[in-house]
file protein_12.tsv (TSV, C-alpha atoms)
chain	number	residue	atom	x	y	z
A	1	MET	CA	-83.47	63.58	192.13
A	2	ASN	CA	-84.33	66.13	194.79
A	3	LYS	CA	-82.56	67.57	197.81
A	4	PHE	CA	-84.04	64.89	200.08
A	5	THR	CA	-81.87	62.13	198.63
A	6	THR	CA	-78.21	61.53	197.84
A	7	THR	CA	-77.68	60.84	194.16
A	8	VAL	CA	-75.32	57.99	193.36
A	9	LYS	CA	-73.28	59.10	190.38
A	10	PHE	CA	-72.00	56.66	187.79
A	11	GLU	CA	-70.66	56.74	184.26
A	12	PRO	CA	-73.15	55.22	181.80
A	13	LEU	CA	-71.77	52.37	179.71
A	14	ASP	CA	-70.41	53.23	176.29
A	15	TYR	CA	-71.91	49.92	175.22
A	16	LYS	CA	-75.72	50.00	175.13
A	17	ILE	CA	-78.27	47.21	175.09
A	18	ASP	CA	-81.37	47.30	172.91
A	19	HIS	CA	-84.13	44.93	171.87
A	20	HIS	CA	-81.73	43.09	169.56
A	21	SER	CA	-79.49	42.20	172.53
A	22	ASN	CA	-79.33	38.79	174.19
A	23	ILE	CA	-79.07	39.09	177.95
A	24	LEU	CA	-78.10	36.51	180.58
A	25	LEU	CA	-78.44	37.17	184.31
A	26	MET	CA	-77.02	35.02	187.10
A	27	GLY	CA	-76.62	35.35	190.84
A	28	SER	CA	-78.73	36.35	193.79
A	29	CYS	CA	-82.41	37.24	193.80
A	30	PHE	CA	-81.58	40.77	192.63
A	31	SER	CA	-80.72	39.23	189.23
A	32	GLU	CA	-84.29	38.02	189.06
A	33	TYR	CA	-85.66	41.43	190.01
A	34	ILE	CA	-83.86	43.08	187.09
A	35	GLY	CA	-84.33	40.08	184.81
A	36	SER	CA	-88.09	40.18	185.30
A	37	LYS	CA	-88.10	43.91	184.52
A	38	LEU	CA	-86.08	43.31	181.35
A	39	ARG	CA	-88.34	40.49	180.22
A	40	ASN	CA	-91.47	42.53	180.91
A	41	ALA	CA	-89.95	45.31	178.80
A	42	GLY	CA	-89.56	42.99	175.80
A	43	PHE	CA	-85.86	42.07	175.99
A	44	SER	CA	-84.46	38.63	175.15
A	45	VAL	CA	-83.57	37.33	178.60
A	46	GLU	CA	-82.38	34.12	180.21
A	47	MET	CA	-81.91	34.20	183.98
A	48	ASN	CA	-80.53	31.93	186.67
A	49	PRO	CA	-80.39	28.57	184.86
A	50	PHE	CA	-79.18	27.07	188.18
A	51	GLY	CA	-81.67	28.95	190.31
A	52	VAL	CA	-80.69	31.72	192.68
A	53	LEU	CA	-76.98	31.56	193.57
A	54	PHE	CA	-75.66	33.76	196.35
A	55	ASN	CA	-71.87	33.52	196.33
A	56	PRO	CA	-69.60	34.47	193.42
A	57	VAL	CA	-67.73	31.15	193.21
A	58	SER	CA	-70.97	29.20	192.71
A	59	VAL	CA	-71.94	31.67	189.99
A	60	LYS	CA	-68.56	31.14	188.36
A	61	MET	CA	-68.96	27.34	188.51
A	62	GLY	CA	-72.39	27.65	186.91
A	63	LEU	CA	-70.96	29.70	184.06
A	64	GLU	CA	-68.27	27.07	183.49
A	65	TYR	CA	-70.95	24.37	183.33
A	66	LEU	CA	-72.80	26.43	180.72
A	67	ILE	CA	-69.65	26.97	178.64
A	68	GLU	CA	-68.91	23.23	178.48
A	69	ASN	CA	-72.62	22.29	178.27
A	70	ARG	CA	-72.04	19.85	181.10
A	71	ARG	CA	-74.42	16.90	181.41
A	72	PHE	CA	-75.42	15.97	184.95
A	73	ILE	CA	-75.97	12.30	185.77
A	74	GLN	CA	-77.38	10.58	188.83
A	75	LYS	CA	-74.03	10.34	190.61
A	76	ASP	CA	-73.92	14.16	190.55
A	77	LEU	CA	-77.04	14.24	192.73
A	78	PHE	CA	-77.61	13.60	196.42
A	79	PHE	CA	-80.63	12.04	198.13
A	80	ASN	CA	-81.77	13.40	201.48
A	81	GLY	CA	-84.28	10.64	202.17
A	82	LEU	CA	-87.10	12.49	200.44
A	83	LEU	CA	-85.76	14.48	197.50
A	84	TRP	CA	-83.01	14.20	194.91
A	85	GLY	CA	-81.06	17.41	194.44
A	86	SER	CA	-77.85	19.01	193.23
A	87	PHE	CA	-75.40	21.02	195.31
A	88	ALA	CA	-74.76	23.14	192.22
A	89	HIS	CA	-78.42	24.18	192.04
A	90	SER	CA	-81.14	25.75	194.12
A	91	THR	CA	-83.97	23.70	195.62
A	92	LEU	CA	-86.15	24.56	192.61
A	93	PHE	CA	-84.52	21.66	190.78
A	94	SER	CA	-85.06	19.05	193.50
A	95	ALA	CA	-87.56	16.23	192.86
A	96	THR	CA	-88.71	12.91	194.31
A	97	ASP	CA	-87.60	11.19	191.11
A	98	PRO	CA	-83.91	11.53	190.11
A	99	ASP	CA	-84.80	11.44	186.40
A	100	VAL	CA	-87.17	14.38	186.82
A	101	CYS	CA	-84.46	16.29	188.70
A	102	LEU	CA	-81.90	15.58	185.97
A	103	GLU	CA	-84.30	16.52	183.20
A	104	LYS	CA	-84.90	19.93	184.77
A	105	ILE	CA	-81.17	20.44	185.35
A	106	ASN	CA	-79.99	19.41	181.89
A	107	THR	CA	-82.79	21.19	180.03
A	108	ASN	CA	-81.83	24.46	181.73
A	109	ILE	CA	-78.15	23.88	181.00
A	110	ASP	CA	-78.96	23.27	177.32
A	111	ILE	CA	-80.94	26.50	177.14
A	112	GLY	CA	-78.33	28.43	179.12
A	113	HIS	CA	-75.46	27.12	176.97
A	114	VAL	CA	-77.10	28.23	173.72
A	115	HIS	CA	-77.98	31.61	175.21
A	116	LEU	CA	-74.50	32.17	176.66
A	117	LEU	CA	-72.81	31.67	173.28
A	118	LYS	CA	-74.87	34.49	171.78
A	119	THR	CA	-75.12	36.67	174.90
A	120	ASP	CA	-74.30	40.33	174.42
A	121	PHE	CA	-74.79	41.38	178.03
A	122	LEU	CA	-74.05	39.26	181.12
A	123	LEU	CA	-75.26	40.62	184.46
A	124	LEU	CA	-73.78	38.96	187.56
A	125	THR	CA	-75.10	39.76	191.03
A	126	PHE	CA	-73.04	38.68	194.04
A	127	GLY	CA	-74.91	38.37	197.32
A	128	THR	CA	-72.42	37.22	199.93
A	129	ALA	CA	-68.78	36.24	200.42
A	130	TRP	CA	-69.80	33.48	202.85
A	131	VAL	CA	-69.69	29.94	201.43
A	132	TYR	CA	-70.30	26.40	202.63
A	133	ASP	CA	-68.03	23.42	201.93
A	134	LEU	CA	-69.48	19.92	202.15
A	135	LYS	CA	-67.34	18.08	204.70
A	136	GLU	CA	-67.75	14.74	202.94
A	137	THR	CA	-66.12	15.95	199.72
A	138	GLY	CA	-64.58	19.32	200.60
A	139	GLY	CA	-66.44	20.82	197.65
A	140	LEU	CA	-68.13	24.20	197.77
A	141	VAL	CA	-71.92	24.05	197.50
A	142	ALA	CA	-74.26	26.60	195.97
A	143	ASN	CA	-77.09	25.65	198.31
A	144	CYS	CA	-77.20	23.63	201.53
A	145	HIS	CA	-80.75	22.39	200.81
A	146	LYS	CA	-81.62	22.69	204.53
A	147	LEU	CA	-79.34	19.78	205.40
A	148	PRO	CA	-77.88	19.73	208.95
A	149	ALA	CA	-75.24	22.41	209.53
A	150	ALA	CA	-72.87	19.72	210.85
A	151	LYS	CA	-72.43	18.48	207.27
A	152	PHE	CA	-70.73	21.74	206.20
A	153	ASN	CA	-67.80	23.98	206.98
A	154	ARG	CA	-68.68	27.66	206.74
A	155	ARG	CA	-66.01	30.13	205.66
A	156	ARG	CA	-65.61	33.53	204.07
A	157	LEU	CA	-64.07	33.97	200.64
A	158	THR	CA	-61.17	36.35	200.22
A	159	VAL	CA	-60.86	39.03	197.56
A	160	GLN	CA	-57.95	37.07	196.06
A	161	GLU	CA	-60.01	33.86	195.81
A	162	ILE	CA	-62.82	35.58	193.95
A	163	VAL	CA	-60.50	37.41	191.55
A	164	ALA	CA	-58.53	34.24	190.84
A	165	ALA	CA	-61.74	32.28	190.24
A	166	TYR	CA	-62.92	34.76	187.61
A	167	ALA	CA	-59.63	35.60	185.91
A	168	THR	CA	-59.49	32.41	183.83
A	169	LEU	CA	-63.25	32.37	183.31
A	170	PHE	CA	-63.32	35.89	181.87
A	171	GLN	CA	-60.36	35.09	179.64
A	172	ASN	CA	-62.28	32.10	178.25
A	173	ILE	CA	-65.42	34.16	177.79
A	174	GLY	CA	-63.41	36.74	175.89
A	175	VAL	CA	-62.36	33.97	173.48
A	176	ILE	CA	-65.68	32.16	172.97
A	177	ASN	CA	-67.79	35.32	172.84
A	178	PRO	CA	-65.66	38.44	172.19
A	179	LYS	CA	-68.72	40.73	171.91
A	180	MET	CA	-69.96	40.00	175.44
A	181	GLN	CA	-70.02	42.78	178.01
A	182	VAL	CA	-70.13	41.80	181.69
A	183	VAL	CA	-71.75	43.93	184.37
A	184	CYS	CA	-71.25	42.98	188.02
A	185	THR	CA	-73.42	44.17	190.86
A	186	VAL	CA	-73.55	43.62	194.61
A	187	SER	CA	-76.99	42.65	195.84
A	188	PRO	CA	-78.66	45.34	197.96
A	189	VAL	CA	-80.20	42.58	200.09
A	190	ARG	CA	-78.30	42.50	203.37
A	191	HIS	CA	-77.50	39.15	205.01
A	192	TRP	CA	-78.75	40.28	208.39
A	193	LYS	CA	-78.47	36.88	210.06
A	194	ASP	CA	-74.69	37.41	210.02
A	195	GLY	CA	-75.11	40.70	211.85
A	196	PRO	CA	-74.49	44.20	210.48
A	197	HIS	CA	-70.71	44.07	210.96
A	198	GLU	CA	-70.22	40.72	209.21
A	199	ASN	CA	-72.59	41.78	206.44
A	200	THR	CA	-70.51	44.90	205.87
A	201	ILE	CA	-67.28	42.88	205.70
A	202	SER	CA	-68.87	40.40	203.29
A	203	LYS	CA	-70.22	43.10	200.99
A	204	GLY	CA	-66.89	44.91	201.17
A	205	ILE	CA	-65.06	41.80	199.95
A	206	LEU	CA	-67.45	41.57	197.00
A	207	HIS	CA	-66.93	45.23	196.15
A	208	LEU	CA	-63.15	44.93	196.28
A	209	ALA	CA	-63.16	41.79	194.12
A	210	ILE	CA	-65.37	43.41	191.48
A	211	ASP	CA	-63.15	46.50	191.48
A	212	GLU	CA	-60.11	44.32	190.77
A	213	LEU	CA	-61.93	42.50	187.95
A	214	CYS	CA	-63.03	45.78	186.37
A	215	LYS	CA	-59.39	46.90	186.34
A	216	LYS	CA	-58.22	43.63	184.77
A	217	PHE	CA	-60.82	43.33	182.02
A	218	GLU	CA	-62.08	46.15	179.82
A	219	PHE	CA	-65.37	44.37	179.17
A	220	VAL	CA	-66.20	44.06	182.90
A	221	HIS	CA	-68.16	46.92	184.49
A	222	TYR	CA	-69.88	47.77	187.77
A	223	PHE	CA	-73.45	48.92	188.32
A	224	PRO	CA	-74.02	50.38	191.84
A	225	ALA	CA	-77.34	48.73	192.76
A	226	TYR	CA	-76.15	48.35	196.36
A	227	GLU	CA	-75.31	52.03	196.72
A	228	ILE	CA	-78.53	53.17	195.06
A	229	GLN	CA	-80.60	51.16	197.55
A	230	LEU	CA	-78.62	52.27	200.60
A	231	ASP	CA	-78.02	55.91	199.67
A	232	GLU	CA	-80.59	57.13	197.19
A	233	LEU	CA	-83.32	55.15	199.01
A	234	ARG	CA	-82.06	55.57	202.55
A	235	ASP	CA	-85.42	54.99	204.24
A	236	TYR	CA	-87.31	51.91	205.43
A	237	ARG	CA	-90.23	52.95	203.22
A	238	PHE	CA	-88.21	51.42	200.40
A	239	TYR	CA	-87.92	47.99	201.98
A	240	ALA	CA	-90.28	45.03	202.05
A	241	GLU	CA	-92.00	43.94	205.26
A	242	ASP	CA	-88.89	42.01	206.36
A	243	MET	CA	-86.94	45.29	206.28
A	244	ILE	CA	-84.22	43.47	204.32
A	245	HIS	CA	-85.37	43.08	200.72
A	246	PRO	CA	-86.09	46.06	198.46
A	247	SER	CA	-89.74	47.01	198.08
A	248	PRO	CA	-91.43	47.03	194.65
A	249	VAL	CA	-90.99	50.83	194.61
A	250	ALA	CA	-87.26	50.44	195.27
A	251	ILE	CA	-86.89	47.77	192.60
A	252	HIS	CA	-88.64	50.01	190.08
A	253	HIS	CA	-86.36	52.92	190.99
A	254	ILE	CA	-83.21	50.81	190.59
A	255	TRP	CA	-84.61	49.52	187.29
A	256	GLN	CA	-85.00	53.09	186.05
A	257	ARG	CA	-81.42	53.88	187.08
A	258	PHE	CA	-80.26	50.69	185.38
A	259	GLN	CA	-81.90	51.83	182.16
A	260	THR	CA	-79.97	55.11	182.22
A	261	PHE	CA	-76.82	53.06	182.84
A	262	CYS	CA	-76.99	50.86	179.75
A	263	MET	CA	-79.73	52.03	177.35
A	264	HIS	CA	-80.20	54.78	174.82
A	265	GLU	CA	-83.24	57.01	175.27
A	266	GLU	CA	-84.94	55.46	172.24
A	267	THR	CA	-84.61	51.96	173.76
A	268	MET	CA	-86.11	53.21	177.02
A	269	LYS	CA	-89.08	54.67	175.11
A	270	ILE	CA	-89.68	51.33	173.36
A	271	ALA	CA	-89.44	49.52	176.71
A	272	GLU	CA	-91.96	51.93	178.21
A	273	ARG	CA	-94.43	51.25	175.40
A	274	ILE	CA	-94.09	47.49	175.93
A	275	GLU	CA	-94.56	47.87	179.68
A	276	GLU	CA	-97.73	49.87	179.05
A	277	ILE	CA	-99.06	47.13	176.77
A	278	ARG	CA	-98.23	44.48	179.39
A	279	LEU	CA	-100.03	46.49	182.05
A	280	GLN	CA	-103.13	46.82	179.90
A	281	GLU	CA	-103.03	43.10	179.03
A	282	GLY	CA	-103.24	42.38	182.75
A	283	HIS	CA	-106.36	44.49	183.16
A	284	ARG	CA	-109.47	42.48	184.03
A	285	GLY	CA	-112.72	44.26	183.41
A	286	ILE	CA	-115.51	44.07	185.98
A	287	HIS	CA	-117.97	43.50	183.13
A	288	PRO	CA	-116.01	41.72	180.37
A	289	ASP	CA	-119.02	41.50	178.05
A	290	SER	CA	-119.80	45.20	178.21
A	291	SER	CA	-119.38	47.40	175.13
A	292	GLU	CA	-116.95	49.55	177.10
A	293	HIS	CA	-114.64	46.61	177.82
A	294	GLN	CA	-114.89	45.34	174.24
A	295	ALA	CA	-113.87	48.80	173.03
A	296	PHE	CA	-110.90	48.67	175.42
A	297	LEU	CA	-109.83	45.29	173.99
A	298	LYS	CA	-110.16	46.59	170.45
A	299	LYS	CA	-108.02	49.62	171.24
A	300	LEU	CA	-105.41	47.37	172.90
A	301	ALA	CA	-105.33	45.03	169.89
A	302	ASP	CA	-104.84	48.00	167.57
A	303	LYS	CA	-102.03	49.30	169.76
A	304	LYS	CA	-100.29	45.91	169.70
A	305	GLN	CA	-100.65	45.63	165.93
A	306	LYS	CA	-99.22	49.12	165.44
A	307	PHE	CA	-96.28	48.21	167.67
A	308	ARG	CA	-95.63	44.94	165.77
A	309	THR	CA	-95.62	46.84	162.51
A	310	GLU	CA	-93.04	49.31	163.83
A	311	TYR	CA	-90.89	46.70	165.60
A	312	PRO	CA	-91.42	43.30	163.94
A	313	TYR	CA	-88.27	41.90	165.59
A	314	ILE	CA	-89.72	42.26	169.12
A	315	ASP	CA	-91.90	39.38	170.31
A	316	LEU	CA	-94.80	40.71	172.35
call {"tool": "encode", "arguments": {"input": "protein_12.tsv", "output": "structure tokens"}}
result
Amino acid sequence: MNKFTTTVKFEPLDYKIDHHSNILLMGSCFSEYIGSKLRNAGFSVEMNPFGVLFNPVSVKMGLEYLIENRRFIQKDLFFNGLLWGSFAHSTLFSATDPDVCLEKINTNIDIGHVHLLKTDFLLLTFGTAWVYDLKETGGLVANCHKLPAAKFNRRRLTVQEIVAAYATLFQNIGVINPKMQVVCTVSPVRHWKDGPHENTISKGILHLAIDELCKKFEFVHYFPAYEIQLDELRDYRFYAEDMIHPSPVAIHHIWQRFQTFCMHEETMKIAERIEEIRLQEGHRGIHPDSSEHQAFLKKLADKKQKFRTEYPYIDL
């Protein structure tokens, strides 16, 4: 860090992840940013088995479904005249055939259930405190699936609602998987359509709820992704073209800070070696049949074999 930025200080976790760890990530798109980085660095990762979920109660409901290995059936779906979908899932699971939709849903729940039971590190990213209730049932939805706004009531969660929703869940997790550590983050993606003031209130509610949960449960921690984006990277150079989402440079910076938060130096060095191999695997030579490119491929193969010999438990 230099004098042209404000360093966000945090206490690194006593618990550290390594390439033996099983990691599950759920929540907003920031979970996928970090999840993709973890996967690219050779970690055992499962992320967003319900698709991207923005509000903390929908994330909590998804975790409950994974714990019980809930089976979805056709009556759990809705049909909008074109697609079958689930209000507990993102649009990625929608399909013209209800059986196809259910197969995608239940396959991901099966995978997520198995992974959750052996998860060492659960990363939850909350995006907004705003939620939508389906008027017809009164139930909270994870995604409105672009249905007419008149079908929903929009409201803002309170700190107390979020804390109450997670209190029982975290107690159950502590029983079924005592080794699991939970890290909560607030997404650095601002919900600008609500306006800057409402976005600030929403993010503030999420911060307060996480703070309460960290005080209640020793295995729950906070990683300041939101603060790193807004304070360490306080410049529009670090945003995508929409000026809302983090740029690739910003994501990489937060990833590096995340590594210092929950990894030993040796783990970071192993991750760096894997990332280098991945980068070289993606290289496409201009003249693939040339002796120069063949020598490059031979050197890469030797590097991968050397790595496998040193770390046979890591799947490249």
call {"tool": "closest_residue", "arguments": {"input": "protein_12.tsv", "among": "A:Thr137, A:Thr200, A:Thr125, A:Ser247", "to": "Gln229 (chain A)", "atoms": "only C-alpha atoms"}}
result
A:Ser247
call {"tool": "atom_distance", "arguments": {"input": "protein_12.tsv", "atom1": "CA of Phe54 (chain A)", "atom2": "CA of Phe87 (chain A)"}}
result
12.8 Å
call {"tool": "residues_near_point", "arguments": {"input": "protein_12.tsv", "point": "(-81.8, 54.3, 185.9)", "cutoff": "12 Å", "atoms": "only C-alpha atoms", "output": "short mmCIF file (atom, residue, chain, number, x, y, z; two decimals) with C-alpha atoms, keeping the file's coordinate frame"}}
result
data_model
loop_
_atom_site.label_atom_id
_atom_site.label_comp_id
_atom_site.auth_asym_id
_atom_site.auth_seq_id
_atom_site.Cartn_x
_atom_site.Cartn_y
_atom_site.Cartn_z
CA MET A 1 -83.47 63.58 192.13
CA THR A 7 -77.68 60.84 194.16
CA VAL A 8 -75.32 57.99 193.36
CA LYS A 9 -73.28 59.10 190.38
CA PHE A 10 -72.00 56.66 187.79
CA GLU A 11 -70.66 56.74 184.26
CA PRO A 12 -73.15 55.22 181.80
CA LEU A 13 -71.77 52.37 179.71
CA ILE A 34 -83.86 43.08 187.09
CA PHE A 223 -73.45 48.92 188.32
CA PRO A 224 -74.02 50.38 191.84
CA ALA A 225 -77.34 48.73 192.76
CA ILE A 228 -78.53 53.17 195.06
CA GLU A 232 -80.59 57.13 197.19
CA ALA A 250 -87.26 50.44 195.27
CA ILE A 251 -86.89 47.77 192.60
CA HIS A 252 -88.64 50.01 190.08
CA HIS A 253 -86.36 52.92 190.99
CA ILE A 254 -83.21 50.81 190.59
CA TRP A 255 -84.61 49.52 187.29
CA GLN A 256 -85.00 53.09 186.05
CA ARG A 257 -81.42 53.88 187.08
CA PHE A 258 -80.26 50.69 185.38
CA GLN A 259 -81.90 51.83 182.16
CA THR A 260 -79.97 55.11 182.22
CA PHE A 261 -76.82 53.06 182.84
CA CYS A 262 -76.99 50.86 179.75
CA MET A 263 -79.73 52.03 177.35
CA HIS A 264 -80.20 54.78 174.82
CA GLU A 265 -83.24 57.01 175.27
CA MET A 268 -86.11 53.21 177.02
#
call {"tool": "closest_residue", "arguments": {"input": "protein_12.tsv", "among": "A:Asp211, A:Glu218, A:Glu136, A:Glu32", "to": "Leu53 (chain A)", "atoms": "only C-alpha atoms"}}
result
A:Glu32
call {"tool": "closest_residue", "arguments": {"input": "protein_12.tsv", "among": "A:Phe30, A:Gly285, A:His113, A:Leu122", "to": "Pro248 (chain A)", "atoms": "all atoms listed in the file"}}
result
A:Phe30
call {"tool": "atom_distance", "arguments": {"input": "protein_12.tsv", "atom1": "CA of Glu272 (chain A)", "atom2": "CA of Asp289 (chain A)"}}
result
29.0 Å
call {"tool": "atom_distance", "arguments": {"input": "protein_12.tsv", "atom1": "CA of Thr267 (chain A)", "atom2": "CA of Tyr33 (chain A)"}}
result
19.4 Å
call {"tool": "closest_residue", "arguments": {"input": "protein_12.tsv", "among": "A:Asp18, A:Asp76, A:Asp120, A:Glu198", "to": "Asp99 (chain A)", "atoms": "all atoms listed in the file"}}
result
A:Asp76
call {"tool": "closest_atom_pairs", "arguments": {"input": "protein_12.tsv", "of": "region 39-150 of chain A", "to": "region 160-184 of chain A", "cutoff": "9 Å", "atoms": "only C-alpha atoms", "output": "JSON lines"}}
result
{"residue": "A:Pro56", "atom": "CA", "partner": "A:Ile162", "partner_atom": "CA", "distance": 6.9}
{"residue": "A:Val57", "atom": "CA", "partner": "A:Ile162", "partner_atom": "CA", "distance": 6.7}
{"residue": "A:Lys60", "atom": "CA", "partner": "A:Tyr166", "partner_atom": "CA", "distance": 6.7}
{"residue": "A:Met61", "atom": "CA", "partner": "A:Ala165", "partner_atom": "CA", "distance": 8.9}
{"residue": "A:Leu63", "atom": "CA", "partner": "A:Leu169", "partner_atom": "CA", "distance": 8.2}
{"residue": "A:Glu64", "atom": "CA", "partner": "A:Leu169", "partner_atom": "CA", "distance": 7.3}
{"residue": "A:Ile67", "atom": "CA", "partner": "A:Ile173", "partner_atom": "CA", "distance": 8.4}
{"residue": "A:Leu116", "atom": "CA", "partner": "A:Asn177", "partner_atom": "CA", "distance": 8.3}
{"residue": "A:Leu117", "atom": "CA", "partner": "A:Asn177", "partner_atom": "CA", "distance": 6.2}
{"residue": "A:Lys118", "atom": "CA", "partner": "A:Asn177", "partner_atom": "CA", "distance": 7.2}
{"residue": "A:Thr119", "atom": "CA", "partner": "A:Met180", "partner_atom": "CA", "distance": 6.2}
{"residue": "A:Asp120", "atom": "CA", "partner": "A:Met180", "partner_atom": "CA", "distance": 4.5}
{"residue": "A:Phe121", "atom": "CA", "partner": "A:Gln181", "partner_atom": "CA", "distance": 5.0}
{"residue": "A:Leu122", "atom": "CA", "partner": "A:Val182", "partner_atom": "CA", "distance": 4.7}
{"residue": "A:Leu123", "atom": "CA", "partner": "A:Val183", "partner_atom": "CA", "distance": 4.8}
{"residue": "A:Leu124", "atom": "CA", "partner": "A:Cys184", "partner_atom": "CA", "distance": 4.8}
{"residue": "A:Thr125", "atom": "CA", "partner": "A:Cys184", "partner_atom": "CA", "distance": 5.9}
{"residue": "A:Phe126", "atom": "CA", "partner": "A:Cys184", "partner_atom": "CA", "distance": 7.6}
{"residue": "A:Ala129", "atom": "CA", "partner": "A:Ile162", "partner_atom": "CA", "distance": 8.8}
call {"tool": "residues_near_point", "arguments": {"input": "protein_12.tsv", "point": "(-62.2, 40.8, 201.0)", "cutoff": "9 Å", "atoms": "all atoms listed in the file", "output": "PyMOL selection string"}}
result
chain A and resi 129+156-162+201-209
call {"tool": "residues_around", "arguments": {"input": "protein_12.tsv", "residues": "region 145-153 of chain A", "least_positions_apart": "2", "cutoff": "8 Å", "atoms": "only C-alpha atoms", "output": "VMD selection string"}}
result
chain A and resid 80 87 90 to 91 132 to 136 143 155
call {"tool": "write_last_selection", "arguments": {"input": "protein_12.tsv", "atoms": "C-alpha atoms", "output": "PDB file, in the frame of the given file"}}
result
ATOM      1  CA  ASN A  80     -81.770  13.400 201.480  1.00  0.00           C
ATOM      2  CA  PHE A  87     -75.400  21.020 195.310  1.00  0.00           C
ATOM      3  CA  SER A  90     -81.140  25.750 194.120  1.00  0.00           C
ATOM      4  CA  THR A  91     -83.970  23.700 195.620  1.00  0.00           C
ATOM      5  CA  TYR A 132     -70.300  26.400 202.630  1.00  0.00           C
ATOM      6  CA  ASP A 133     -68.030  23.420 201.930  1.00  0.00           C
ATOM      7  CA  LEU A 134     -69.480  19.920 202.150  1.00  0.00           C
ATOM      8  CA  LYS A 135     -67.340  18.080 204.700  1.00  0.00           C
ATOM      9  CA  GLU A 136     -67.750  14.740 202.940  1.00  0.00           C
ATOM     10  CA  ASN A 143     -77.090  25.650 198.310  1.00  0.00           C
ATOM     11  CA  ARG A 155     -66.010  30.130 205.660  1.00  0.00           C
TER      12      ARG A 155
END
call {"tool": "closest_residue", "arguments": {"input": "protein_12.tsv", "among": "A:Gln280, A:Ile23, A:Ser36, A:Ala41", "to": "His293 (chain A)", "atoms": "only C-alpha atoms"}}
result
A:Gln280
call {"tool": "closest_residue", "arguments": {"input": "protein_12.tsv", "among": "A:Arg70, A:His19, A:Lys269, A:Lys304", "to": "Arg39 (chain A)", "atoms": "only C-alpha atoms"}}
result
A:His19
call {"tool": "axis_aligned_box", "arguments": {"input": "protein_12.tsv", "around": "region 304-308 of chain A", "padding_each_side": "4 Å", "output": "JSON"}}
result
{"center_x": -98.1, "center_y": 47.0, "center_z": 167.6, "size_x": 13.0, "size_y": 12.2, "size_z": 12.3}
call {"tool": "decode", "arguments": {"input": "protein_12.tsv", "residues": "region 264-297 of chain A", "atoms": "C-alpha atoms", "output": "CSV table (one decimal), in the first residue's frame"}}
result
chain,number,residue,atom,x,y,z
A,264,HIS,CA,-0.7,-19.0,5.1
A,265,GLU,CA,2.1,-17.7,2.9
A,266,GLU,CA,2.9,-21.3,1.7
A,267,THR,CA,-0.7,-21.7,0.5
A,268,MET,CA,-0.5,-18.5,-1.4
A,269,LYS,CA,2.7,-19.6,-3.1
A,270,ILE,CA,1.1,-22.9,-4.2
A,271,ALA,CA,-1.9,-20.9,-5.5
A,272,GLU,CA,0.4,-18.6,-7.4
A,273,ARG,CA,2.1,-21.6,-9.1
A,274,ILE,CA,-1.3,-23.0,-10.1
A,275,GLU,CA,-2.5,-19.7,-11.5
A,276,GLU,CA,0.7,-19.4,-13.5
A,277,ILE,CA,0.1,-22.9,-15.0
A,278,ARG,CA,-3.5,-22.0,-15.8
A,279,LEU,CA,-2.4,-18.8,-17.5
A,280,GLN,CA,0.1,-20.8,-19.6
A,281,GLU,CA,-2.5,-23.4,-20.5
A,282,GLY,CA,-4.6,-20.6,-21.9
A,283,HIS,CA,-1.8,-19.5,-24.2
A,284,ARG,CA,-2.5,-20.0,-27.9
A,285,GLY,CA,0.5,-19.9,-30.1
A,286,ILE,CA,0.3,-18.1,-33.4
A,287,HIS,CA,2.2,-21.0,-35.1
A,288,PRO,CA,1.2,-24.1,-33.1
A,289,ASP,CA,3.2,-26.4,-35.2
A,290,SER,CA,6.4,-24.5,-34.8
A,291,SER,CA,9.4,-25.9,-32.9
A,292,GLU,CA,9.2,-22.9,-30.5
A,293,HIS,CA,5.6,-23.6,-29.6
A,294,GLN,CA,6.3,-27.4,-29.2
A,295,ALA,CA,9.2,-26.5,-26.8
A,296,PHE,CA,6.8,-24.3,-24.9
A,297,LEU,CA,4.3,-27.2,-24.5
